[in-house]
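Have a look at coords-v4.txt; it's compact mmCIF, C-alpha atoms (C1' of nucleotides):
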# COMPACT_ATOMS: atom_id res chain seq x y z
CA MET C 1 11.31 7.85 -3.66
CA PHE C 2 13.10 6.36 -6.62
CA ILE C 3 10.81 6.10 -9.61
CA GLU C 4 11.88 6.17 -13.20
CA ILE C 5 9.49 6.65 -16.09
CA GLU C 6 10.21 5.73 -19.68
CA PRO C 7 8.02 8.06 -21.73
CA SER C 8 8.68 6.17 -24.95
CA SER C 9 7.73 2.78 -23.51
CA GLU C 10 4.76 0.93 -24.91
CA ILE C 11 3.63 0.50 -21.29
CA PRO C 12 1.38 3.42 -20.29
CA ILE C 13 2.98 5.87 -17.86
CA TYR C 14 0.28 5.33 -15.25
CA THR C 15 0.88 1.56 -15.42
CA GLN C 16 4.61 2.05 -14.98
CA LEU C 17 3.80 4.13 -11.93
CA VAL C 18 1.44 1.51 -10.51
CA ASN C 19 4.01 -1.26 -10.96
CA GLN C 20 6.89 0.68 -9.46
CA LEU C 21 4.88 1.81 -6.46
CA ILE C 22 3.84 -1.80 -5.87
CA GLU C 23 7.49 -2.82 -5.99
CA LEU C 24 8.44 -0.13 -3.48
CA ILE C 25 5.78 -1.43 -1.12
CA ALA C 26 6.82 -5.04 -1.66
CA LYS C 27 10.41 -4.10 -0.83
CA GLY C 28 9.31 -2.27 2.30
CA GLU C 29 10.60 1.07 1.08
CA LEU C 30 7.01 2.21 1.37
CA GLN C 31 5.29 0.87 4.45
CA PRO C 32 1.67 0.69 5.59
CA ASN C 33 0.37 4.08 6.75
CA ASP C 34 3.12 5.90 4.86
CA THR C 35 1.73 8.80 2.87
CA LEU C 36 2.32 9.02 -0.83
CA PRO C 37 3.48 12.29 -2.35
CA SER C 38 0.73 14.57 -3.61
CA VAL C 39 -0.27 14.05 -7.19
CA ARG C 40 1.00 17.51 -8.04
CA SER C 41 4.43 17.11 -6.49
CA LEU C 42 5.04 13.61 -7.87
CA ALA C 43 3.89 14.74 -11.30
CA ALA C 44 6.34 17.63 -11.13
CA ASP C 45 9.17 15.33 -10.01
CA LEU C 46 8.55 12.90 -12.86
CA GLY C 47 7.77 15.50 -15.48
CA VAL C 48 4.33 14.13 -16.23
CA ASN C 49 0.82 15.44 -15.91
CA MET C 50 -1.03 15.58 -12.61
CA HIS C 51 -3.91 13.56 -14.07
CA THR C 52 -1.57 10.73 -15.00
CA VAL C 53 -0.39 10.36 -11.40
CA ASN C 54 -3.99 10.68 -10.23
CA LYS C 55 -4.99 7.82 -12.51
CA ALA C 56 -2.22 5.63 -11.10
CA TYR C 57 -3.29 6.36 -7.53
CA HIS C 58 -6.90 5.47 -8.30
CA GLU C 59 -5.76 2.24 -9.92
CA LEU C 60 -3.87 1.39 -6.73
CA GLU C 61 -6.95 2.21 -4.70
CA ARG C 62 -9.06 -0.04 -6.91
CA LYS C 63 -6.58 -2.82 -6.12
CA ASN C 64 -6.99 -2.06 -2.39
CA ILE C 65 -3.29 -1.22 -2.11
CA ILE C 66 -3.69 2.39 -0.98
CA ARG C 67 -6.46 4.46 0.55
CA ILE C 68 -7.28 7.86 -0.88
CA ILE C 69 -8.57 10.31 1.68
CA PRO C 70 -10.61 12.94 -0.18
CA LYS C 71 -9.06 16.39 -0.21
CA SER C 72 -6.21 15.11 1.89
CA GLY C 73 -3.90 12.51 0.37
CA ALA C 74 -3.08 8.86 -0.22
CA VAL C 75 -1.89 6.34 2.37
CA VAL C 76 -0.44 2.85 1.96
CA SER C 77 -2.93 0.26 3.24
CA GLU C 78 -2.22 -2.42 5.81
CA ILE C 79 -1.26 -5.76 4.34
CA THR C 80 -3.74 -8.43 5.38
CA THR C 81 -5.13 -11.57 3.77
CA PRO C 82 -5.63 -11.60 -0.01
CA THR C 83 -9.20 -11.36 -1.24
CA ASP C 84 -10.61 -13.86 -3.71
CA GLU C 85 -10.38 -11.21 -6.39
CA GLN C 86 -6.72 -10.60 -5.61
CA LEU C 87 -6.01 -14.33 -5.66
CA ALA C 88 -7.70 -14.61 -9.03
CA THR C 89 -5.67 -11.69 -10.38
CA ILE C 90 -2.37 -13.24 -9.30
CA THR C 91 -3.34 -16.70 -10.54
CA HIS C 92 -4.27 -15.38 -13.96
CA ALA C 93 -1.08 -13.34 -14.26
CA LEU C 94 1.01 -16.32 -13.18
CA LYS C 95 -0.66 -18.53 -15.77
CA THR C 96 0.37 -16.19 -18.56
CA VAL C 97 3.96 -15.89 -17.40
CA LEU C 98 4.44 -19.58 -16.68
CA ALA C 99 2.99 -20.60 -20.02
CA GLU C 100 5.48 -18.34 -21.76
CA SER C 101 8.37 -19.66 -19.69
CA THR C 102 7.37 -23.21 -20.59
CA VAL C 103 7.32 -22.38 -24.28
CA TYR C 104 10.78 -20.87 -23.89
CA GLY C 105 12.04 -24.24 -22.70
CA MET C 106 12.48 -23.34 -19.05
CA ASN C 107 11.79 -26.18 -16.65
CA LYS C 108 10.05 -26.08 -13.30
CA ASP C 109 13.20 -25.78 -11.22
CA GLU C 110 14.62 -22.93 -13.28
CA VAL C 111 11.45 -20.90 -12.93
CA LEU C 112 11.11 -21.57 -9.21
CA SER C 113 14.74 -20.61 -8.68
CA ILE C 114 14.19 -17.25 -10.36
CA ALA C 115 10.99 -16.74 -8.39
CA LEU C 116 12.74 -17.45 -5.09
CA THR C 117 15.53 -15.02 -5.94
CA ILE C 118 13.04 -12.29 -6.73
CA MET C 119 10.98 -12.94 -3.61
CA SER C 120 14.06 -12.70 -1.41
CA ASP C 121 13.99 -8.97 -2.09
CA TYR C 122 10.39 -8.73 -0.97
CA LYS C 123 8.68 -8.99 2.39
CA GLU C 124 8.51 -12.46 3.94
CA GLY C 125 11.02 -13.54 1.32
CA MET L 1 -8.35 -25.10 -31.63
CA PHE L 2 -10.18 -23.58 -28.68
CA ILE L 3 -9.64 -19.85 -28.55
CA GLU L 4 -12.02 -17.37 -27.03
CA ILE L 5 -11.77 -13.64 -27.63
CA GLU L 6 -13.36 -11.00 -25.43
CA PRO L 7 -13.87 -8.04 -27.76
CA SER L 8 -14.74 -5.68 -24.90
CA SER L 9 -11.65 -6.54 -22.85
CA GLU L 10 -9.09 -3.85 -22.12
CA ILE L 11 -6.49 -6.35 -23.35
CA PRO L 12 -5.94 -5.93 -27.11
CA ILE L 13 -7.36 -8.73 -29.23
CA TYR L 14 -3.98 -9.55 -30.74
CA THR L 15 -2.51 -9.86 -27.22
CA GLN L 16 -5.31 -12.18 -26.15
CA LEU L 17 -4.49 -14.26 -29.21
CA VAL L 18 -0.77 -14.32 -28.42
CA ASN L 19 -1.40 -15.40 -24.83
CA GLN L 20 -3.88 -18.12 -25.70
CA LEU L 21 -1.70 -19.55 -28.44
CA ILE L 22 1.22 -19.64 -26.00
CA GLU L 23 -0.98 -21.49 -23.51
CA LEU L 24 -2.00 -24.02 -26.15
CA ILE L 25 1.65 -24.68 -26.91
CA ALA L 26 2.56 -24.90 -23.21
CA LYS L 27 -0.20 -27.46 -22.73
CA GLY L 28 0.99 -29.48 -25.70
CA GLU L 29 -2.24 -29.00 -27.62
CA LEU L 30 -0.10 -27.32 -30.22
CA GLN L 31 3.21 -29.06 -30.77
CA PRO L 32 6.46 -28.13 -32.51
CA ASN L 33 6.11 -28.32 -36.31
CA ASP L 34 2.34 -28.08 -36.10
CA THR L 35 0.98 -25.56 -38.56
CA LEU L 36 -1.19 -22.73 -37.36
CA PRO L 37 -4.42 -21.92 -39.18
CA SER L 38 -4.12 -19.34 -41.92
CA VAL L 39 -4.67 -15.76 -40.81
CA ARG L 40 -7.78 -15.60 -42.94
CA SER L 41 -9.43 -18.74 -41.59
CA LEU L 42 -8.63 -18.01 -37.95
CA ALA L 43 -9.85 -14.47 -38.37
CA ALA L 44 -13.10 -15.78 -39.81
CA ASP L 45 -13.49 -18.30 -36.98
CA LEU L 46 -12.98 -15.65 -34.32
CA GLY L 47 -14.92 -12.92 -36.08
CA VAL L 48 -11.99 -10.52 -36.16
CA ASN L 49 -9.99 -8.90 -38.89
CA MET L 50 -7.27 -10.73 -40.81
CA HIS L 51 -4.75 -8.02 -39.90
CA THR L 52 -5.36 -8.58 -36.22
CA VAL L 53 -4.46 -12.25 -36.47
CA ASN L 54 -1.51 -11.36 -38.64
CA LYS L 55 -0.24 -9.00 -35.95
CA ALA L 56 -0.52 -11.72 -33.31
CA TYR L 57 1.43 -14.18 -35.49
CA HIS L 58 4.20 -11.65 -36.04
CA GLU L 59 4.36 -10.98 -32.32
CA LEU L 60 4.80 -14.72 -31.75
CA GLU L 61 7.51 -14.79 -34.40
CA ARG L 62 9.29 -11.88 -32.69
CA LYS L 63 9.29 -13.97 -29.53
CA ASN L 64 10.78 -16.88 -31.49
CA ILE L 65 7.76 -19.05 -30.68
CA ILE L 66 6.64 -19.67 -34.25
CA ARG L 67 8.25 -19.43 -37.67
CA ILE L 68 6.44 -17.67 -40.49
CA ILE L 69 7.20 -19.07 -43.91
CA PRO L 70 6.50 -16.33 -46.45
CA LYS L 71 3.52 -17.01 -48.72
CA SER L 72 3.01 -20.34 -47.03
CA GLY L 73 2.06 -20.35 -43.35
CA ALA L 74 3.12 -20.39 -39.73
CA VAL L 75 4.70 -23.30 -37.86
CA VAL L 76 5.29 -23.86 -34.15
CA SER L 77 9.02 -23.73 -33.40
CA GLU L 78 11.03 -26.39 -31.60
CA ILE L 79 11.45 -25.75 -27.90
CA THR L 80 15.12 -25.45 -27.02
CA THR L 81 17.09 -23.46 -24.46
CA PRO L 82 15.84 -19.98 -23.51
CA THR L 83 17.80 -17.04 -24.87
CA ASP L 84 19.07 -14.29 -22.60
CA GLU L 85 16.36 -12.04 -23.95
CA GLN L 86 13.68 -14.63 -23.15
CA LEU L 87 15.11 -15.10 -19.63
CA ALA L 88 15.02 -11.34 -19.10
CA THR L 89 11.44 -11.16 -20.30
CA ILE L 90 10.30 -13.86 -17.90
CA THR L 91 12.29 -12.43 -15.00
CA HIS L 92 10.80 -8.99 -15.50
CA ALA L 93 7.27 -10.33 -15.76
CA LEU L 94 7.76 -12.47 -12.67
CA LYS L 95 9.04 -9.46 -10.71
CA THR L 96 5.86 -7.56 -11.41
CA VAL L 97 3.55 -10.42 -10.48
CA LEU L 98 5.45 -11.41 -7.35
CA ALA L 99 5.62 -7.84 -6.09
CA GLU L 100 1.86 -7.59 -6.42
CA SER L 101 1.31 -10.91 -4.68
CA THR L 102 3.52 -9.74 -1.82
CA VAL L 103 1.54 -6.55 -1.42
CA TYR L 104 -1.62 -8.65 -1.34
CA GLY L 105 -0.25 -10.45 1.71
CA MET L 106 0.51 -13.75 0.03
CA ASN L 107 3.53 -15.55 1.42
CA LYS L 108 6.20 -17.48 -0.42
CA ASP L 109 4.60 -20.89 0.06
CA GLU L 110 1.20 -19.77 -1.13
CA VAL L 111 2.62 -18.33 -4.34
CA LEU L 112 4.81 -21.33 -5.02
CA SER L 113 1.87 -23.65 -4.44
CA ILE L 114 -0.20 -21.81 -7.03
CA ALA L 115 2.72 -21.79 -9.45
CA LEU L 116 3.22 -25.54 -9.09
CA THR L 117 -0.46 -26.19 -9.68
CA ILE L 118 -0.40 -24.12 -12.85
CA MET L 119 2.79 -25.73 -14.12
CA SER L 120 1.35 -29.20 -13.65
CA ASP L 121 -0.83 -28.46 -16.67
CA TYR L 122 2.18 -27.51 -18.74
CA LYS L 123 5.00 -29.49 -20.29
CA GLU L 124 7.62 -30.83 -17.86
CA GLY L 125 5.17 -29.93 -15.08
C1' DA P 1 -8.60 33.30 10.17
C1' DT P 2 -6.11 33.44 6.14
C1' DT P 3 -3.13 31.28 3.10
C1' DT P 4 -1.62 27.28 0.99
C1' DC P 5 -2.07 22.61 -0.33
C1' DT P 6 -4.98 18.89 -1.33
C1' DG P 7 -7.84 15.88 -4.33
C1' DT P 8 -11.92 16.56 -7.45
C1' DT P 9 -14.16 17.72 -11.47
C1' DA P 10 -14.84 19.52 -16.06
C1' DT P 11 -13.62 20.70 -20.71
C1' DA P 12 -10.65 20.41 -24.55
C1' DA P 13 -7.05 19.19 -27.61
C1' DT P 14 -3.52 16.10 -29.31
C1' DT P 15 -1.35 11.96 -30.26
C1' DC P 16 -1.18 7.22 -31.14
C1' DA P 17 -2.50 2.32 -30.92
C1' DA P 18 -5.94 -0.93 -32.21
C1' DT P 19 -9.16 -2.44 -35.32
C1' DT P 20 -11.58 -2.80 -39.41
C1' DA P 21 -12.08 -2.51 -44.47
C1' DG P 22 -10.88 -3.26 -49.19
C1' DA P 23 -7.84 -4.09 -52.68
C1' DA P 24 -3.95 -5.80 -55.19
C1' DC P 25 0.32 -8.61 -55.60
C1' DA P 26 3.07 -12.75 -55.94
C1' DG P 27 4.68 -17.08 -54.24
C1' DA P 28 2.92 -21.79 -52.61
C1' DT P 29 -0.28 -25.40 -52.86
C1' DT P 30 -3.65 -28.29 -54.94
C1' DA D 1 -5.14 -23.44 -64.03
C1' DA D 2 -7.39 -22.33 -59.86
C1' DT D 3 -7.06 -21.59 -55.14
C1' DC D 4 -4.87 -20.36 -50.95
C1' DT D 5 -1.18 -18.13 -48.74
C1' DG D 6 1.19 -14.16 -46.47
C1' DT D 7 2.47 -9.34 -47.88
C1' DT D 8 1.72 -4.72 -48.69
C1' DC D 9 -0.82 -0.50 -49.22
C1' DT D 10 -4.23 2.99 -48.30
C1' DA D 11 -7.92 4.58 -45.52
C1' DA D 12 -11.14 5.29 -41.94
C1' DT D 13 -12.86 4.84 -37.25
C1' DT D 14 -12.66 4.32 -32.52
C1' DG D 15 -10.85 4.82 -28.08
C1' DA D 16 -7.09 5.23 -24.68
C1' DA D 17 -3.40 7.96 -22.96
C1' DT D 18 -1.56 12.24 -22.14
C1' DT D 19 -1.33 16.99 -21.65
C1' DA D 20 -3.27 21.55 -20.68
C1' DT D 21 -6.23 24.88 -18.10
C1' DA D 22 -9.33 26.13 -14.95
C1' DA D 23 -12.25 26.27 -11.10
C1' DC D 24 -14.02 24.30 -6.74
C1' DA D 25 -14.04 23.02 -1.90
C1' DG D 26 -12.24 20.61 1.96
C1' DA D 27 -7.79 19.89 4.73
C1' DA D 28 -3.64 21.46 6.60
C1' DA D 29 -0.37 24.87 7.96
C1' DT D 30 0.98 29.37 9.41

Represent the supplied structure as structure tokens.
Amino acid sequence: MFIEIEPSSEIPIYTQLVNQLIELIAKGELQPNDTLPSVRSLAADLGVNMHTVNKAYHELERKNIIRIIPKSGAVVSEITTPTDEQLATITHALKTVLAESTVYGMNKDEVLSIALTIMSDYKEG
Amino acid sequence: MFIEIEPSSEIPIYTQLVNQLIELIAKGELQPNDTLPSVRSLAADLGVNMHTVNKAYHELERKNIIRIIPKSGAVVSEITTPTDEQLATITHALKTVLAESTVYGMNKDEVLSIALTIMSDYKEG
DNA sequence: ATTTCTGTTATAATTCAATTAGAACAGATT
DNA sequence: AATCTGTTCTAATTGAATTATAACAGAAAT
């Protein structure tokens, strides 16, 4: 599992973890029903505190991306149909990014081209 | 100028300000060479501190979206060609959003459809 | 069955970002 | 001249993020 944390980043460590785990799943390097490493072992690997990894896992559970089985471990969820909440989350995030790209002078085709390139690394891309 | 701040949001006030000002520019409601309200007056309108607005303006200047003229005011910059740094910023942000959308089970066409809808509200959309 | 590993929970301390507050300064605008 | 502007400084508060220990109890492994 290739995860790299930048301790000095302005992005919280647990958020970096959430984002990188999502990317691993999107790339298929972590697949549904795969088990995640224990919070203790991953914390040791990354040199961060157990509670920080725990917080990231619970954030992923809140997003319905993994299931946490009490006293046992965490498992990647099946990918199904997005919920309304998930659609709203993506739509809002896209709005922010696309507004910024517009202000930077990027046109529709440029942005879509970048998006297609990125998605080619992900599932169904 | 229609800006709404959620004081209890987990998103910092100055970031909410940055994002909403970017959206106003993307929509054309704020145009190049338009002057932004003074930090004092906008702060009073929104019920936040002057320093918070000032921080947002400086963040927008760092992104090359506005120019701050010392002792005078802030002006929306001309939209030109994106810098490499701006391209990298957008690409990185898109990666994060698109990975999440993939994990949520959204396919390429769904995401592109949402993106096109959003961009239709923005310049060159 | 016992040991080990697991997530869970609780308390505590530290660090830092975000926000607010108040004041003073000096250039720009009116 | 008076007012408005961003700038700078100090100061205080609040809360999030992170780390550190410790103990608990269920799950898994031997």

For chain C, the nearest of the candidates L:Lys27, L:Arg40, L:His51, L:Arg62, counting all atoms listed in the file: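 Result for the nearest residue to chain C: L:Lys27.
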
Given only C-alpha atoms (C1' of nucleotides) as the counted atoms, nearest of C:Lys108, C:Lys63, C:Lys71, C:Lys55 to chain P: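 Of C:Lys108, C:Lys63, C:Lys71, C:Lys55, the one nearest chain P is C:Lys71, counting only C-alpha atoms (C1' of nucleotides).
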
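For the choices P:DT19, P:DT8, P:DT30, P:DA13, the atom-to-atom distance to chain C is smallest for P:DT8 when using all atoms listed in the file.
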
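Using all atoms listed in the file, the nearest neighbour of chain D within the list C:Pro82, C:Tyr14, C:Ser101, C:Val111 is C:Tyr14.
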
Protein, DNA and RNA residues within 10 Å of (6.4, -20.9, -52.6), all atoms listed in the file, as a ChimeraX atom specification: /L:69-72 /P:26-29 /D:5
